[in-house]
Amino acid sequence: GLAVGAEMYYVSYDGIYATSGGHERNLSEDDLAPIFNGYSRDPYTLTDVGGFGQGGFGEGGYGTLSAAGLTSPPPIDFAADEKLRLEVHNNDLWFTYQDVAGRIQTLVYNLLFRTWRWYLFDKAPLVFTSEQGPDGVNNLLIGSNNGKIYTHTGFSDDSTPIHCLARTGARDQGAERADKNYGDFILDCDPKGVVVSLASYKGSNEVFHQATQISNTGRGYTHHNHFEGGLLTTSI
């Protein structure tokens, strides 16, 4: 896997690297080292995958992850090293690989915020290509194992519903051991007729706290009190 953007990016057997011609930097060492060493990455101890951890700004896991029963990126099958691919699209570095169960996995590194997010597509992508359209907008084209080319747009995976898990970062304000009492939070979303489960965690996303389900018929604001329990108000 090799790609060129603001820097040159390549895949090695111990990680994904970036270089401008000098000393290379391992972009995956802190967050994804286990998958390069035959282990799945525990989602509850992730640093930045899907927005976990300090300064996390990722967007979670997308695609058919929950339908496949997966909760963390599986290890890479290096016997299928021809499936290791990289592509730069806008401010993202797209990395695809075949895992030890034969599935094609996709991890995306945001080059600005230095965070990872994870995808599992229903139609397995074999190659990603960033191409500028006639309107000057860059389009991400996805070549699949079914002979089709897809664009990364829309609300289904070629008619298959998309399951989505979005997580925010686990913040400790630079004082990991000090107890902190955060207040409530507000979710602004339009569920589009599906049920959205809103869950909160404690201790760097390691301990589940509570969950609330919402199913607004339009865009609404859900006010959730994290410490005193449950849903306060829902307004549209």
# chains A, B, ... in the order shown; residues from 1 in each chain; ligands from 1

call {"tool": "residues_around", "arguments": {"residues": "Asn139 in chain A", "least_positions_apart": "4", "cutoff": "9 Å", "atoms": "only C-alpha atoms", "output": "short mmCIF file (atom, residue, chain, number, x, y, z; two decimals) with N, CA, C and O atoms, in the first residue's frame"}}
result
data_model
loop_
_atom_site.label_atom_id
_atom_site.label_comp_id
_atom_site.auth_asym_id
_atom_site.auth_seq_id
_atom_site.Cartn_x
_atom_site.Cartn_y
_atom_site.Cartn_z
N HIS A 89 -7.76 11.02 0.24
CA HIS A 89 -8.95 11.71 -0.29
C HIS A 89 -9.23 12.90 0.60
O HIS A 89 -9.54 12.73 1.80
N THR A 129 -10.32 5.31 -4.87
CA THR A 129 -9.66 6.28 -5.75
C THR A 129 -10.31 7.64 -5.58
O THR A 129 -11.54 7.75 -5.64
N SER A 130 -9.50 8.65 -5.34
CA SER A 130 -10.00 10.02 -5.24
C SER A 130 -9.85 10.69 -6.60
O SER A 130 -8.75 10.74 -7.16
N GLU A 131 -10.96 11.16 -7.15
CA GLU A 131 -10.95 11.72 -8.49
C GLU A 131 -11.73 13.02 -8.52
O GLU A 131 -12.84 13.10 -7.99
N GLN A 132 -11.16 14.04 -9.14
CA GLN A 132 -11.83 15.33 -9.23
C GLN A 132 -12.86 15.32 -10.35
O GLN A 132 -12.56 14.94 -11.49
N GLY A 133 -14.08 15.71 -10.03
CA GLY A 133 -15.14 15.76 -11.02
C GLY A 133 -15.12 17.03 -11.83
O GLY A 133 -14.33 17.95 -11.58
N THR A 151 -19.87 5.39 -5.24
CA THR A 151 -19.42 6.65 -4.64
C THR A 151 -19.75 6.61 -3.16
O THR A 151 -20.70 5.93 -2.74
N HIS A 152 -18.98 7.33 -2.36
CA HIS A 152 -19.18 7.32 -0.92
C HIS A 152 -20.23 8.36 -0.55
O HIS A 152 -19.96 9.38 0.09
#

call {"tool": "atom_distance", "arguments": {"atom1": "CA of Glu29 in chain A", "atom2": "CA of Glu87 in chain A"}}
result
19.0 Å

call {"tool": "atom_distance", "arguments": {"atom1": "CA of Val11 in chain A", "atom2": "CA of Phe95 in chain A"}}
result
8.8 Å

call {"tool": "atom_distance", "arguments": {"atom1": "CA of Leu93 in chain A", "atom2": "CA of Asp157 in chain A"}}
result
20.9 Å

call {"tool": "residues_around", "arguments": {"residues": "Gln105 in chain A", "least_positions_apart": "2", "cutoff": "8 Å", "atoms": "only C-alpha atoms", "output": "number ranges by chain"}}
result
A: 73, 96-99, 103, 107, 118-121

call {"tool": "write_last_selection", "arguments": {"atoms": "N, CA and C atoms", "output": "tab-separated table (two decimals), in the first residue's frame"}}
result
chain	number	residue	atom	x	y	z
A	73	PRO	N	-11.64	-3.40	15.44
A	73	PRO	CA	-10.97	-3.80	14.20
A	73	PRO	C	-10.19	-5.10	14.37
A	96	THR	N	-7.23	0.03	3.55
A	96	THR	CA	-8.02	-1.19	3.50
A	96	THR	C	-7.10	-2.40	3.63
A	97	TYR	N	-7.64	-3.45	4.26
A	97	TYR	CA	-6.88	-4.69	4.43
A	97	TYR	C	-7.85	-5.86	4.58
A	98	GLN	N	-7.36	-7.06	4.38
A	98	GLN	CA	-8.14	-8.27	4.63
A	98	GLN	C	-7.80	-8.77	6.02
A	99	ASP	N	-8.86	-9.02	6.83
A	99	ASP	CA	-8.60	-9.51	8.18
A	99	ASP	C	-8.45	-11.03	8.17
A	103	ARG	N	-12.55	-10.94	5.74
A	103	ARG	CA	-13.35	-9.74	5.46
A	103	ARG	C	-12.43	-8.58	5.11
A	107	LEU	N	-10.00	1.40	7.53
A	107	LEU	CA	-9.70	2.36	8.59
A	107	LEU	C	-9.30	3.67	7.93
A	118	TRP	N	-13.45	3.78	11.68
A	118	TRP	CA	-13.47	2.40	11.19
A	118	TRP	C	-14.74	2.12	10.40
A	119	TYR	N	-14.59	1.50	9.24
A	119	TYR	CA	-15.72	1.14	8.40
A	119	TYR	C	-15.67	-0.36	8.08
A	120	LEU	N	-16.86	-0.95	7.92
A	120	LEU	CA	-17.00	-2.27	7.33
A	120	LEU	C	-18.15	-2.17	6.34
A	121	PHE	N	-17.83	-2.24	5.05
A	121	PHE	CA	-18.84	-2.08	4.02
A	121	PHE	C	-19.50	-3.41	3.70

call {"tool": "select_by_dssp", "arguments": {"residues": "range 131-226 of chain A", "states": "strand (DSSP E)", "output": "PyMOL selection string"}}
result
chain A and resi 131-132+138-144+149-151+156-157+160-161+185-189+196-202+207-214+220-224

call {"tool": "closest_residue", "arguments": {"among": "A:Asp31, A:Asp92, A:Asp135, A:Asp184", "to": "Gly5 in chain A", "atoms": "only C-alpha atoms"}}
result
A:Asp92

call {"tool": "closest_residue", "arguments": {"among": "A:Leu140, A:Asp14, A:Leu32, A:Thr19", "to": "Thr115 in chain A", "atoms": "only C-alpha atoms"}}
result
A:Leu32
